[in-house]
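Report on the structure given below.
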Amino acid sequence: MNNSQFHRRWLPLLLSLPQLLLIILFFYIPIYMAFFWSFTLERPFGGGSQFVGMQNYLRVLTDTEFWMAAERTLLFMVTASSLAVILPLFLAVAADRKVRLAMPARNILVWPKGIAGASLGVVFLFIFNPFLGILAPLNDLFPGIWQPGIDGKDAFVMLVAAQVWSGIPFNFVILLAGLQSVPASMHHSAAMDGASAWRRIRDIQIPMIMPQLFLVFVLEFTESVTGAFGIIDAMTEGGPGGATTLLVYKIYVDGFKGYDLSGASTQSTILMILVISLAAFQFFYLEKKVRYER
Amino acid sequence: MKTKLFAATAVATLALAGAAQATDIEFWYGNTGRPEQAIQNACKLFNESQSEHSVKCVGQGGYEAGMQKAIAAFRSNEHPVLIQFFDAGTLDLMLSGAVVPVSEIMPDVDWSDYNVGARSYYQTSKGELMSQPYNGSTLLFYANMEQLGKVGVTAVPQTWEELHDVAVKLKDAGHACPFVTDAHPWRVLEQFSARHGLAIATNHNGYSGLDAEYSFNKGKVAEHLNNLYTWRKDGLVKLNQDTEAGKYTDAFNAGECAMMEGSTGSYGAAFKALGDKVKLAMAPMYEGFERHNTFIGGASIWVMKGHSTEEIEAAKAFLDFLREDDQQIEFTRMTGYMPVTMSAMKKLKESGKSDDLEFATAEMGVASLNMPGSEDSQGLRLGFYVQFRDIFKEETQKAFNGEQTMQVALDAAKKRGDELLRRFEQTYKGVKLP
């Protein structure tokens, strides 16, 4: 980069100012407010907020509902993000190998990325409807086997399916790009040495796309914690019986439906710390195992 | 957090755009669908009827969304003059310091003309109305007489015992869904307790102090919920998620279910779908209980603080307009909500129109609201009540799913509800219930 293009010191700052302003307005200020509120009892309409020290944290951390939501969040994170990376990995490997219909599949698979969580939820709700959806025939054979409106486990599975589906396209594109940059010469030499297709996937392709795999894992993990909101709100509203109330949805319900601004802020702060530690773990620990140079 | 700040910014922008003319005021409402059309219609008529004031009616897409936006707007001092809030948010608003009681700014109005049930829900302990009741609803019982007739039943059941017998007959005749409800606390807890003259919390549901505790986990309410549980197992009752239609009102309207308990506001759609096959009655009682008034549902209009005298004048003129008998009758005709004053109801009766099917819920609903009251059927003064409703739904849902017994569910809901009440009490430390 030629530094003389940026001879004025303020130009770079000026150019990034709009973005900075947005981040400050919609990220840092709210976070600061949430942090502040988490130490007070805040009245919804303002006025008379009082400092209560760690009371909110004590209340939240001793609340079994909070821990159940945290547990569900963790379960959702692990299942949904693993599937949302593994499935596109299979698809990408297939597309990379130029199996039949790889070309149209490559294009079509990107489309779902353009669908918002809420719309996605509505569509999946219909698909999984126990009376009309694709699993309805199953209910005719074994009555009561698929009841997402009654059985919490079924509802959870439904959410995971929707989340995974919405994660596939982006991860697919990233992984496919990684696979396509694997030098063909390596395939050829491995093939000449007698390595089977599976063997080449395991020993050459996967190790070579570790950086891409790491990226999609990190993104999926954080996305599954916060991004599930739209799907939950459209599909289950946290039910039945709270079985799909993940932390992000609980915070919304407490804060916006229950006017418990302090409790919601406290939980937001805790969730934020969780997500940051998770990302830190991934970067400081897992990333050490990723080799970028080829 | 982000959403909230965004809402505040959006609201601020809107308010700045609207601040050009001084006598323009805004009225925020939550209803959608047919009631929204009726509200817009009323605004249009008001603006055409005079030239001094102009009201801009802004839909918020739902009661809860309206409340959220109002909180954000009030905090950034961009709130409207008039706002419609729903029943469950009453206490939060009373103590908010963000509103002026309507009886304070309009002392000359005869507020005693409002229905008993409407007044007691929205008034202070001194009998001053905090807000002007607007779209009033209450709980009624709906029966599909064609389906009941097939098993030889010609009268709508009045008691739960009769209802149970009819449901058994229907089931024996092969009916898959005799009775449907969504088990929403408004229906199975609040309206149930009120008309049976029972309290759901101590201190007369919080009317005599913020240190109330929930008490519904014992006695008839608990028994009723256990009954619903058993009846569902026996195939007599279905919940939303058991129906093919997915929602209790849709299931009744589609003829999937023969009976339901529903708001007066559901009548419009039911009548459109089933015509005169639908018959209404007051919500069923258990034998041995004297019938009391039901609570008013729906919403009322609040005047928010911090506005100029001209704006308040405009707000008063609009409230006066909405209170007129003819306006109430027209609103009833368009929506299925009920007239909220006695004079409007009287005028409706005198006009002879109250027998029209369009007005079928009005007389029955008003009669239900005007049943003799008790100290426990005035209304609810329970903090964070909106959140409590969610807790109640969650816990009872777990019982219906078979994850826990109904008694465990009710005990858990009471415990979690009490925690909310204590925190509410602490949040509003030093504030006295008006």
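Chain lettering (A, B, ...) mirrors the order of the structure tokens, residue numbering begins at 1 for each chain separately, and ligand numbering begins at 1 in order of display.
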Test item: residues at most 10 Å from B:Gln158, only C-alpha atoms, excluding those fewer than 4 positions along its chain, as a PyMOL selection string:
chain B and resi 141+162-163+281-287
Within 8 Å of stretch 64-67 of chain B, counting only C-alpha atoms, which residues qualify if same-chain residues fewer than 5 places away don't, as a ChimeraX atom specification?
/A:257 /B:28-30,84-85
Between atom CA of B:Ala413 and atom CA of A:Gly239, what distance in Å does the model show, to one decimal?
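Distance reported for this atom pair: 15.5 Å.
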Separation of atom CA of B:Arg333 from atom CA of B:Glu52 in Å
28.1 Å
Could you please tell me, as a ChimeraX atom specification, which residues of chain B have an atom within 9 Å of chain A when using only C-alpha atoms?
/B:1-6,64-65,67-68,70-72,74-75,92-93,96-98,240-246,384-388,390-391,393-401,423,426-429
Got a sec to tell me which of stretch 148-226 of chain B DSSP assigns to alpha helix (DSSP H), as a PyMOL selection string?
chain B and resi 148-150+160-172+185+192-195+202-206+220-226
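With only C-alpha atoms taken into account, the protein and nucleic acid residues at most 12 Å from A:Glu223 (excluding it and anything under 2 positions from it in its own chain) are Thr73, Phe76, Met77, Val78, Ala80, Ser81, Ala84, Gly117, Gln163, Val164, Ser166, Gly167, Val216, Phe217, Val218, Leu219, Glu220, Phe221, Val225, Thr226, Gly227, Ala228, Phe229, Gly230, Val248, Val275 and Ala279 of chain A.
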Go through stretch 147-251 of chain A and flag each residue having an atom no more than 6 Å from stretch 121-125 of chain A; for those, report the closest pair of atoms plus their distance in Å to one decimal, using only C-alpha atoms, ordered by chain and rising number, as a tab-separated table.
```
residue	atom	partner	partner_atom	distance
A:Ile231	CA	A:Gly121	CA	4.8
A:Ala234	CA	A:Gly121	CA	5.1
A:Met235	CA	A:Gly121	CA	5.2
```
